[in-house]
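For reference, final_36.cif (mmCIF, C-alpha atoms):
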data_model
#
loop_
_atom_site.label_atom_id
_atom_site.label_comp_id
_atom_site.auth_asym_id
_atom_site.auth_seq_id
_atom_site.Cartn_x
_atom_site.Cartn_y
_atom_site.Cartn_z
CA MET A 1 0.00 0.00 0.00
CA THR A 2 1.53 3.27 -1.07
CA ILE A 3 0.96 6.50 0.80
CA PRO A 4 -1.63 7.94 -1.66
CA ASP A 5 -3.65 4.72 -1.29
CA ARG A 6 -3.77 5.01 2.48
CA PHE A 7 -4.75 8.64 2.08
CA LEU A 8 -7.64 7.65 -0.19
CA VAL A 9 -8.83 5.04 2.32
CA TYR A 10 -9.04 7.56 5.15
CA LEU A 11 -10.33 10.48 3.10
CA PRO A 12 -14.05 9.54 3.28
CA TRP A 13 -13.79 9.11 7.05
CA ALA A 14 -12.14 12.50 7.39
CA ILE A 15 -14.84 14.10 5.28
CA ALA A 16 -17.53 12.41 7.38
CA THR A 17 -15.88 13.71 10.57
CA LEU A 18 -15.83 17.26 9.24
CA LEU A 19 -19.44 17.02 8.06
CA ILE A 20 -20.61 15.84 11.48
CA ALA A 21 -18.59 18.60 13.14
CA ALA A 22 -20.15 21.21 10.84
CA ILE A 23 -23.69 19.94 11.49
CA VAL A 24 -23.18 19.82 15.27
CA HIS A 25 -21.70 23.32 15.19
CA VAL A 26 -24.51 24.88 13.14
CA VAL A 27 -27.27 23.14 15.07
CA SER A 28 -25.83 24.08 18.46
CA ILE A 29 -25.47 27.74 17.41
CA LEU A 30 -29.02 27.86 16.06
CA LEU A 31 -30.52 26.14 19.11
CA MET A 32 -28.64 28.28 21.64
CA PRO A 33 -31.31 31.04 21.88
CA THR A 34 -34.01 28.42 22.58
CA LEU A 35 -31.96 26.31 24.96
CA ALA A 36 -29.91 28.86 26.90
CA PRO A 37 -31.34 28.72 30.43
CA ARG A 38 -30.19 32.19 31.54
CA ASP A 39 -31.02 34.43 28.60
CA ALA A 40 -32.47 37.90 29.13
CA PHE A 41 -36.07 36.69 28.81
CA ALA A 42 -35.57 33.95 31.42
CA ARG A 43 -33.82 36.34 33.80
CA LEU A 44 -36.51 39.00 33.45
CA SER A 45 -39.51 36.71 33.68
CA ALA A 46 -38.04 35.08 36.80
CA TYR A 47 -37.54 38.54 38.26
CA ALA A 48 -41.05 39.65 37.25
CA THR A 49 -42.61 36.58 38.86
CA ALA A 50 -40.63 37.16 42.05
CA ALA A 51 -41.62 40.83 42.10
CA LYS A 52 -45.26 39.99 41.18
CA ALA A 53 -45.07 42.39 38.27
CA ASP A 54 -46.31 40.33 35.33
CA GLU A 55 -47.17 42.58 32.38
CA LYS A 56 -46.40 45.68 34.41
CA LEU A 57 -43.41 47.94 34.16
CA PHE A 58 -40.93 47.25 36.94
CA VAL A 59 -37.71 49.08 37.65
CA LEU A 60 -34.58 46.93 37.91
CA PRO A 61 -32.42 47.48 40.99
CA ALA A 62 -29.11 49.25 40.44
CA PRO A 63 -26.56 46.65 39.36
CA ALA A 64 -24.70 45.18 42.33
CA PRO A 65 -21.57 43.03 42.08
CA GLY A 66 -22.53 39.49 41.17
CA ALA A 67 -26.24 40.31 41.37
CA ALA A 68 -27.09 42.30 38.24
CA VAL A 69 -30.35 41.15 36.69
CA LEU A 70 -29.04 42.07 33.23
CA PRO A 71 -25.33 42.27 32.40
CA TYR A 72 -23.78 45.21 30.50
CA GLU A 73 -26.22 47.81 31.78
CA ASP A 74 -25.09 51.40 32.20
CA ALA A 75 -24.54 52.46 35.81
CA SER A 76 -25.95 55.91 34.93
CA VAL A 77 -29.16 54.52 33.48
CA VAL A 78 -32.34 53.48 35.28
CA VAL A 79 -33.73 50.40 33.54
CA GLY A 80 -37.40 49.46 33.46
CA VAL A 81 -38.74 46.26 32.00
CA CYS A 82 -42.07 44.65 31.27
CA VAL A 83 -42.44 41.07 30.23
CA TYR A 84 -45.39 40.38 27.93
CA ASP A 85 -47.37 37.45 26.64
CA LEU A 86 -49.55 38.22 23.63
CA THR A 87 -51.64 35.07 23.98
CA LYS A 88 -53.58 36.93 26.67
CA GLY A 89 -54.18 40.09 24.63
CA LEU A 90 -52.43 43.04 23.07
CA LEU A 91 -49.84 45.12 24.86
CA ARG A 92 -50.08 48.87 25.15
CA VAL A 93 -46.91 50.80 26.01
CA ALA A 94 -47.62 54.47 26.54
CA GLY A 95 -46.38 57.50 28.41
CA PRO A 96 -45.09 61.04 28.15
CA VAL A 97 -41.49 61.99 27.35
CA ASN A 98 -40.01 65.44 27.69
CA GLY A 99 -37.52 65.25 24.82
CA GLU A 100 -34.81 66.69 27.03
CA ASP A 101 -33.59 63.71 29.01
CA TYR A 102 -32.59 60.60 27.14
CA LEU A 103 -35.20 57.86 27.31
CA ALA A 104 -34.95 54.81 25.09
CA LEU A 105 -37.55 52.12 24.57
CA SER A 106 -36.98 48.83 22.77
CA LEU A 107 -39.17 45.82 22.07
CA HIS A 108 -37.39 42.48 22.30
CA ALA A 109 -38.72 39.13 21.12
CA ARG A 110 -38.12 36.18 23.41
CA SER A 111 -35.26 35.04 21.15
CA GLY A 112 -33.42 38.28 21.90
CA ARG A 113 -34.13 40.02 18.60
CA ILE A 114 -35.06 43.71 18.81
CA PHE A 115 -38.02 44.35 16.53
CA HIS A 116 -38.84 47.94 17.40
CA ALA A 117 -36.89 50.71 19.09
CA LEU A 118 -37.17 54.42 19.62
CA THR A 119 -35.81 57.19 21.82
CA ASP A 120 -37.57 60.23 23.26
CA ARG A 121 -36.39 62.17 20.20
CA SER A 122 -38.43 60.05 17.84
CA ALA A 123 -41.54 60.17 20.05
CA ILE A 124 -44.49 61.91 18.44
CA LYS A 125 -45.83 65.05 20.14
CA GLY A 126 -44.07 64.40 23.41
CA LYS A 127 -45.51 60.98 24.03
CA ILE A 128 -44.89 57.37 23.31
CA ASP A 129 -47.92 55.30 22.36
CA LEU A 130 -47.35 51.81 21.05
CA LEU A 131 -49.76 48.96 20.50
CA VAL A 132 -48.00 45.60 20.21
CA GLY A 133 -49.69 42.48 18.92
CA ASP A 134 -49.09 39.54 16.67
CA GLU A 135 -50.01 39.73 13.01
CA ARG A 136 -53.61 38.58 13.53
CA GLN A 137 -54.28 40.88 16.48
CA ILE A 138 -52.92 43.97 14.71
CA GLU A 139 -54.96 43.09 11.65
CA SER A 140 -58.16 42.87 13.67
CA VAL A 141 -57.37 46.23 15.31
CA ASN A 142 -56.81 47.74 11.87
CA ASN A 143 -60.12 46.29 10.65
CA ALA A 144 -61.98 47.69 13.64
CA ASP A 145 -60.85 51.22 12.73
CA ALA A 146 -63.49 53.53 11.34
CA GLU A 147 -63.11 54.21 7.63
CA GLY A 148 -60.44 56.85 7.01
CA ALA A 149 -59.64 57.28 10.70
CA LYS A 150 -55.98 57.78 11.54
CA PRO A 151 -54.84 55.61 14.45
CA LEU A 152 -53.46 57.58 17.38
CA GLU A 153 -50.90 54.97 18.32
CA VAL A 154 -48.07 53.26 16.50
CA ARG A 155 -48.99 49.64 15.83
CA VAL A 156 -46.17 47.13 15.95
CA VAL A 157 -46.34 43.52 14.81
CA ALA A 158 -44.37 41.26 17.14
CA PRO A 159 -42.57 38.28 15.58
CA MET A 160 -43.15 36.09 18.66
CA LYS A 161 -45.92 35.77 21.23
CA ARG A 162 -43.66 36.39 24.14
CA GLY A 163 -40.97 38.93 24.79
CA PHE A 164 -40.07 41.96 26.85
CA VAL A 165 -39.92 45.72 26.68
CA VAL A 166 -36.83 47.57 27.95
CA VAL A 167 -37.03 51.26 28.87
CA ARG A 168 -33.79 53.06 29.68
CA SER A 169 -33.76 56.47 31.30
CA LEU A 170 -30.43 58.29 31.60
CA ALA A 171 -29.53 60.08 34.82
CA LYS A 172 -27.05 62.65 33.56
CA ARG A 173 -25.86 63.31 37.09
CA LEU A 174 -26.00 61.06 40.11
CA SER A 175 -28.49 63.50 41.68
CA ASP A 176 -30.77 63.14 38.63
CA THR A 177 -31.46 59.48 39.42
CA PRO A 178 -34.86 60.11 41.11
CA ARG A 179 -35.91 62.27 38.15
CA ALA A 180 -34.81 59.60 35.66
CA ARG A 181 -36.72 57.03 37.67
CA ALA A 182 -39.85 59.19 37.67
CA ALA A 183 -39.60 59.63 33.89
CA LEU A 184 -39.36 55.88 33.58
CA GLU A 185 -42.29 55.19 35.88
CA ALA A 186 -44.45 57.52 33.80
CA ILE A 187 -44.31 54.89 31.06
CA SER A 188 -46.94 52.21 31.48
CA CYS A 189 -47.33 48.71 30.11
CA ALA A 190 -50.86 47.37 30.10
CA ARG A 191 -52.76 44.53 28.52
CA GLN A 192 -55.42 45.62 26.05
CA GLU A 193 -58.34 43.48 25.01
CA PRO A 194 -58.66 42.89 21.28
CA PRO A 195 -61.62 44.72 19.65
CA LYS A 196 -64.97 42.94 19.49
CA GLU A 197 -65.73 41.55 16.05
CA MET B 1 -5.52 -7.06 14.35
CA PRO B 2 -7.08 -9.70 12.13
CA THR B 3 -9.90 -10.54 14.59
CA PHE B 4 -11.25 -6.97 14.50
CA GLU B 5 -11.24 -6.83 10.72
CA PRO B 6 -15.00 -7.44 10.21
CA TYR B 7 -15.85 -4.70 12.70
CA ALA B 8 -13.22 -2.21 11.57
CA ASN B 9 -15.73 -0.01 9.78
CA TYR B 10 -18.05 0.11 12.79
CA LEU B 11 -15.16 1.18 14.96
CA ARG B 12 -14.17 3.82 12.43
CA ALA B 13 -17.75 5.10 12.19
CA GLY B 14 -17.98 5.34 15.97
CA LEU B 15 -14.72 7.22 16.12
CA VAL B 16 -15.89 9.56 13.34
CA VAL B 17 -19.08 10.41 15.24
CA LEU B 18 -17.19 10.93 18.50
CA ILE B 19 -14.55 13.20 16.99
CA GLY B 20 -17.08 14.99 14.80
CA VAL B 21 -19.41 15.83 17.70
CA SER B 22 -16.63 17.03 19.97
CA LEU B 23 -15.05 19.05 17.16
CA GLY B 24 -18.44 20.65 16.45
CA PHE B 25 -18.97 21.65 20.08
CA ALA B 26 -15.39 22.91 20.30
CA LEU B 27 -16.02 25.11 17.24
CA THR B 28 -19.20 26.46 18.85
CA LEU B 29 -17.36 27.27 22.06
CA VAL B 30 -14.61 29.09 20.17
CA ALA B 31 -17.16 31.01 18.09
CA LEU B 32 -19.12 32.09 21.18
CA ARG B 33 -16.02 33.32 22.93
CA SER B 34 -14.77 35.45 20.08
CA GLY B 35 -17.31 38.27 20.23
CA TYR B 36 -20.78 38.76 18.83
CA GLY B 37 -20.70 37.20 15.40
CA PHE B 38 -19.73 39.26 12.42
CA ASN B 39 -19.06 42.92 11.62
CA PRO B 40 -17.36 44.32 14.69
CA LEU B 41 -16.75 48.05 14.64
CA GLU B 42 -13.18 48.48 15.88
CA VAL B 43 -11.85 51.93 16.64
CA GLY B 44 -8.51 51.90 18.43
CA PRO B 45 -9.06 49.88 21.63
CA TRP B 46 -12.86 50.25 21.37
CA VAL B 47 -15.03 47.50 19.94
CA SER B 48 -18.73 47.74 19.18
CA TRP B 49 -21.15 45.29 17.57
CA PRO B 50 -23.89 47.48 16.07
CA ASP B 51 -25.65 44.55 14.39
CA ILE B 52 -26.69 42.96 17.71
CA GLY B 53 -29.07 45.89 18.19
CA GLY B 54 -30.96 45.44 14.96
CA PRO B 55 -33.58 43.10 13.54
CA ASP B 56 -30.99 41.53 11.23
CA VAL B 57 -28.88 40.10 14.08
CA ASP B 58 -26.97 37.02 12.90
CA PRO B 59 -27.30 33.57 14.56
CA TYR B 60 -23.84 33.74 16.15
CA ALA B 61 -24.61 37.05 17.84
CA ARG B 62 -28.00 35.71 18.98
CA ALA B 63 -26.34 32.67 20.51
CA VAL B 64 -23.83 34.86 22.39
CA ILE B 65 -26.57 37.18 23.68
CA ALA B 66 -28.69 34.22 24.78
CA ARG B 67 -25.75 32.87 26.76
CA SER B 68 -24.68 36.13 28.37
CA GLY B 69 -28.27 37.15 29.15
CA GLU B 70 -27.94 40.75 28.06
CA ALA B 71 -30.56 42.96 26.44
CA PRO B 72 -28.55 44.98 23.90
CA LEU B 73 -29.12 48.63 23.10
CA ALA B 74 -30.88 49.06 19.75
CA LYS B 75 -28.79 50.43 16.89
CA GLU B 76 -30.91 53.57 16.53
CA GLN B 77 -30.71 54.31 20.26
CA GLY B 78 -26.96 54.44 20.50
CA LEU B 79 -23.73 52.49 20.29
CA VAL B 80 -21.92 50.64 23.06
CA PHE B 81 -18.15 50.41 22.80
CA VAL B 82 -16.17 48.10 25.08
CA ALA B 83 -12.40 48.35 25.56
CA ARG B 84 -10.50 45.45 27.09
CA VAL B 85 -7.11 46.82 26.06
CA ASP B 86 -5.51 50.26 26.34
CA THR B 87 -4.64 52.49 23.38
CA ALA B 88 -1.22 50.82 23.14
CA GLY B 89 -2.91 47.42 22.81
CA ALA B 90 -2.01 45.93 26.22
CA THR B 91 -4.75 44.17 28.21
CA LEU B 92 -6.28 46.37 30.93
CA ASP B 93 -4.88 45.40 34.31
CA GLY B 94 -6.37 46.37 37.68
CA ASP B 95 -2.85 46.68 39.10
CA CYS B 96 -2.09 49.55 36.73
CA ASP B 97 -3.16 53.20 36.62
CA TYR B 98 -4.81 54.60 33.51
CA VAL B 99 -6.22 57.88 32.30
CA ILE B 100 -9.09 58.11 29.85
CA THR B 101 -8.87 61.38 27.94
CA ASP B 102 -11.03 63.22 25.42
CA PRO B 103 -12.10 63.61 22.63
CA THR B 104 -15.44 61.86 22.29
CA PRO B 105 -17.41 61.51 19.05
CA PRO B 106 -20.22 64.04 18.62
CA THR B 107 -23.25 62.59 20.36
CA ARG B 108 -26.24 63.75 22.40
CA PHE B 109 -24.96 62.12 25.60
CA TRP B 110 -22.16 59.75 26.43
CA THR B 111 -21.28 57.75 29.53
CA ILE B 112 -18.05 56.01 30.50
CA ASP B 113 -18.01 53.34 33.18
CA LEU B 114 -16.13 50.21 34.20
CA ALA B 115 -17.50 46.69 34.05
CA ALA B 116 -16.35 43.26 35.11
CA PRO B 117 -15.25 41.10 32.13
CA ASP B 118 -18.62 39.28 32.14
CA GLY B 119 -20.53 42.57 32.05
CA GLY B 120 -21.37 42.53 35.74
CA ALA B 121 -20.88 45.37 38.16
CA ILE B 122 -17.41 46.09 39.51
CA ASP B 123 -17.01 45.14 43.16
CA TRP B 124 -16.23 48.53 44.59
CA PRO B 125 -18.32 49.33 47.64
CA GLY B 126 -19.29 52.94 48.07
CA GLY B 127 -17.65 54.21 44.91
CA ARG B 128 -19.18 55.68 41.81
CA ARG B 129 -19.19 53.62 38.70
CA GLY B 130 -19.48 56.02 35.82
CA TYR B 131 -19.36 59.50 34.34
CA SER B 132 -21.60 61.11 31.76
CA SER B 133 -20.95 63.90 29.29
CA VAL B 134 -22.85 66.22 31.64
CA ASP B 135 -21.28 65.48 35.00
CA VAL B 136 -17.65 64.83 34.07
CA VAL B 137 -15.41 67.59 35.43
CA ARG B 138 -13.82 69.46 32.53
CA ARG B 139 -11.00 71.93 32.15
CA GLU B 140 -11.73 75.40 30.77
CA SER B 141 -11.09 74.15 27.25
CA GLY B 142 -13.76 71.48 27.67
CA ALA B 143 -11.19 68.70 27.75
CA PHE B 144 -11.50 66.03 30.43
CA GLU B 145 -9.46 63.28 32.02
CA ILE B 146 -10.79 60.31 33.99
CA ALA B 147 -8.29 58.54 36.22
CA VAL B 148 -8.67 54.77 36.59
CA SER B 149 -6.82 53.60 39.67
CA ARG B 150 -7.27 51.67 42.88
CA GLU B 151 -5.92 54.66 44.77
CA ALA B 152 -8.12 57.72 45.15
CA ARG B 153 -7.37 60.47 42.61
CA PRO B 154 -8.47 64.11 42.54
CA GLY B 155 -10.97 65.07 39.85
CA ASN B 156 -12.70 62.37 37.82
CA TRP B 157 -11.82 59.01 39.23
CA LEU B 158 -13.01 55.43 38.72
CA SER B 159 -11.69 52.38 40.53
CA PRO B 160 -11.50 48.85 39.12
CA GLY B 161 -11.76 47.54 42.68
CA ALA B 162 -9.91 44.45 43.73
CA THR B 163 -10.20 42.67 40.37
CA ARG B 164 -7.37 42.54 37.88
CA ARG B 165 -9.53 42.10 34.80
CA PHE B 166 -12.01 44.79 33.85
CA ALA B 167 -13.36 46.57 30.80
CA VAL B 168 -14.07 50.22 30.05
CA VAL B 169 -17.49 50.79 28.49
CA LEU B 170 -18.24 53.88 26.41
CA ARG B 171 -21.89 54.42 25.50
CA LEU B 172 -22.88 56.95 22.88
CA TYR B 173 -26.58 57.78 23.13
CA ASP B 174 -28.38 59.16 20.07
CA VAL B 175 -25.13 59.22 18.13
CA GLY B 176 -24.98 60.35 14.52
CA LEU B 177 -22.07 58.04 13.81
CA ASP B 178 -22.45 55.95 10.68
CA ALA B 179 -21.71 52.41 11.77
CA ALA B 180 -21.09 51.32 8.19
CA ALA B 181 -18.29 53.84 7.68
CA ARG B 182 -15.08 53.25 9.60
CA PRO B 183 -15.02 55.98 12.26
CA ASP B 184 -11.76 57.80 12.90
CA ALA B 185 -9.90 56.65 16.03
CA ALA B 186 -8.80 60.26 16.53
CA VAL B 187 -12.31 61.27 17.68
CA PHE B 188 -12.51 58.49 20.27
CA PRO B 189 -11.22 58.67 23.86
CA LYS B 190 -7.75 57.35 24.54
CA ILE B 191 -6.87 54.97 27.38
CA LEU B 192 -3.28 55.68 28.42
CA ARG B 193 -1.33 53.61 30.92
CA ARG B 194 0.44 55.63 33.55
CA GLY B 195 2.32 52.95 35.45
CA CYS B 196 1.75 49.76 37.38
CA ALA B 197 1.85 48.82 41.04
#

Would you mind writing the file's structure down as structure tokens?
Amino acid sequence: MTIPDRFLVYLPWAIATLLIAAIVHVVSILLMPTLAPRDAFARLSAYATAAKADEKLFVLPAPAPGAAVLPYEDASVVVGVCVYDLTKGLLRVAGPVNGEDYLALSLHARSGRIFHALTDRSAIKGKIDLLVGDERQIESVNNADAEGAKPLEVRVVAPMKRGFVVVRSLAKRLSDTPRARAALEAISCARQEPPKE
Amino acid sequence: MPTFEPYANYLRAGLVVLIGVSLGFALTLVALRSGYGFNPLEVGPWVSWPDIGGPDVDPYARAVIARSGEAPLAKEQGLVFVARVDTAGATLDGDCDYVITDPTPPTRFWTIDLAAPDGGAIDWPGGRRGYSSVDVVRRESGAFEIAVSREARPGNWLSPGATRRFAVVLRLYDVGLDAAARPDAAVFPKILRRGCA
């Protein structure tokens, strides 16, 4: 047996090894968001359940060493979160913003994908008013509109039934923290019943 | 080994599966440890991953986020830059003293704070964790300097606490920076080492 012959004998096995490795790699990467036990959604829904704040906006405690609810949060920012479940109805996120202090609102699907985001600068007429639902719910809301009527709120189609809303309010100075917190608490998350057919 | 001859292919197949699966998981582990997928925005020591804050986040970035448990800032809300090295390229070391100096890119607000390598809060009881563009103490020219040291420093001062490994996080809120264009390192803060204990 010459060397090229041996090489040809082992080549298919080597290819098979690499193929299996590639499949395992791709599948494990793709499954990670569904299988990771401590992703943001899991952390926040555990916190919401403990704080009895399901579908309500709750303010996260200031990050403490080894006890931050979410990693990589800004120490100068007050973070508010509400965890939602669209199977029970639509979600309304509304509140005033003053356009002077930074306030950012983002809608996250359970998988971690951000599907809608805005800051106080992009808020319309000094207020945020979002209606979040899945495709069917938003469609039924649109159908229930009177002919030619302009909706007052921004309607957002969520890609998944479950997810969470993050509101970040910047305290420009340490002494501004209560003000930033008040601006955050002015934003409300509430369940809204779908319109009657 | 003549007696194994009939089973040789079974043995090979088993070995192929074993090596393939472990190689696949090893690849996944390496991929998850080397940042958030594709398209990092590197400016001097600062690294940002704008794509993790958009709807088109790639599967690698999603897997990393799911594992770390963070809720990223949306692209249109701002950019988060993390530095784990100083401007000279050496890894940040809690035993050393650093200064972070201006300039900063034009932005509505910025904050600079320190984080543990996993994104958690720095263990530094009683101290402040960050500065913003509003409350940082500036010279008459508008320039600023933030000292990073375990020992107390006059003026702007942050402490990495007892840990040796830490990261500096620069957040640019409502920034006009085009993430697709390579920003100039000259408009980003510098992290200069001033000596080690």

Just say which residues the PyMOL selection byres ((chain B and resi 183-196) around 10) picks in this file, as a count of residues only.
44

Could you list, as a ChimeraX atom specification, every residue matched by the PyMOL selection byres ((chain B) within 7 of (chain A)) in this structure?
/B:16-17,19-21,23-25,27-28,53-55,57,59-60,62-63,66-71,74,77,119-123,129-130,132,134-135

Please, could you write that set of residues out with C-alpha atoms as a PDB file, keeping the file's coordinate frame?
ATOM      1  CA  VAL B  16     -15.890   9.560  13.340  1.00  0.00           C
ATOM      2  CA  VAL B  17     -19.080  10.410  15.240  1.00  0.00           C
ATOM      3  CA  ILE B  19     -14.550  13.200  16.990  1.00  0.00           C
ATOM      4  CA  GLY B  20     -17.080  14.990  14.800  1.00  0.00           C
ATOM      5  CA  VAL B  21     -19.410  15.830  17.700  1.00  0.00           C
ATOM      6  CA  LEU B  23     -15.050  19.050  17.160  1.00  0.00           C
ATOM      7  CA  GLY B  24     -18.440  20.650  16.450  1.00  0.00           C
ATOM      8  CA  PHE B  25     -18.970  21.650  20.080  1.00  0.00           C
ATOM      9  CA  LEU B  27     -16.020  25.110  17.240  1.00  0.00           C
ATOM     10  CA  THR B  28     -19.200  26.460  18.850  1.00  0.00           C
ATOM     11  CA  GLY B  53     -29.070  45.890  18.190  1.00  0.00           C
ATOM     12  CA  GLY B  54     -30.960  45.440  14.960  1.00  0.00           C
ATOM     13  CA  PRO B  55     -33.580  43.100  13.540  1.00  0.00           C
ATOM     14  CA  VAL B  57     -28.880  40.100  14.080  1.00  0.00           C
ATOM     15  CA  PRO B  59     -27.300  33.570  14.560  1.00  0.00           C
ATOM     16  CA  TYR B  60     -23.840  33.740  16.150  1.00  0.00           C
ATOM     17  CA  ARG B  62     -28.000  35.710  18.980  1.00  0.00           C
ATOM     18  CA  ALA B  63     -26.340  32.670  20.510  1.00  0.00           C
ATOM     19  CA  ALA B  66     -28.690  34.220  24.780  1.00  0.00           C
ATOM     20  CA  ARG B  67     -25.750  32.870  26.760  1.00  0.00           C
ATOM     21  CA  SER B  68     -24.680  36.130  28.370  1.00  0.00           C
ATOM     22  CA  GLY B  69     -28.270  37.150  29.150  1.00  0.00           C
ATOM     23  CA  GLU B  70     -27.940  40.750  28.060  1.00  0.00           C
ATOM     24  CA  ALA B  71     -30.560  42.960  26.440  1.00  0.00           C
ATOM     25  CA  ALA B  74     -30.880  49.060  19.750  1.00  0.00           C
ATOM     26  CA  GLN B  77     -30.710  54.310  20.260  1.00  0.00           C
ATOM     27  CA  GLY B 119     -20.530  42.570  32.050  1.00  0.00           C
ATOM     28  CA  GLY B 120     -21.370  42.530  35.740  1.00  0.00           C
ATOM     29  CA  ALA B 121     -20.880  45.370  38.160  1.00  0.00           C
ATOM     30  CA  ILE B 122     -17.410  46.090  39.510  1.00  0.00           C
ATOM     31  CA  ASP B 123     -17.010  45.140  43.160  1.00  0.00           C
ATOM     32  CA  ARG B 129     -19.190  53.620  38.700  1.00  0.00           C
ATOM     33  CA  GLY B 130     -19.480  56.020  35.820  1.00  0.00           C
ATOM     34  CA  SER B 132     -21.600  61.110  31.760  1.00  0.00           C
ATOM     35  CA  VAL B 134     -22.850  66.220  31.640  1.00  0.00           C
ATOM     36  CA  ASP B 135     -21.280  65.480  35.000  1.00  0.00           C
TER      37      ASP B 135
END

Evaluating the PyMOL selection byres ((chain A and resi 179-191) around 8) on the displayed file yields which residues, as a count of residues only?
31

Straight-line distance linking CA of Pro194 in chain A with CA of Gly163 in chain A, stated in Å to one decimal
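According to the coordinates, CA of Pro194 in chain A and CA of Gly163 in chain A are separated by 18.5 Å.
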
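Proximity ranking of A:Thr49, A:Ser175, A:Asn98, A:Gln137 relative to Lys161 in chain A places A:Gln137 first, based on all atoms listed in the file.
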
Straight-line distance linking CA of Leu73 in chain B with CA of Ala61 in chain B, stated in Å to one decimal
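Computing it gives 13.5 Å between the two atoms.
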
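Separating CA of Ala123 in chain A from CA of Glu100 in chain A is a distance of 11.7 Å.
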
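When the distance limit is 10 Å and only C-alpha atoms are what count, the residues near Arg108 in chain B, minus those fewer than 4 positions from it on the same chain, are A:Asp101, A:Tyr102, B:Gly78, B:Ser133, B:Leu172, B:Tyr173, B:Asp174, B:Val175, B:Gly176.
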
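Minimum atom-to-atom distance to Ile65 in chain B, evaluated using only C-alpha atoms, belongs to B:Asp118 out of B:Asp118, B:Ala13, B:Gly142, B:Thr111.
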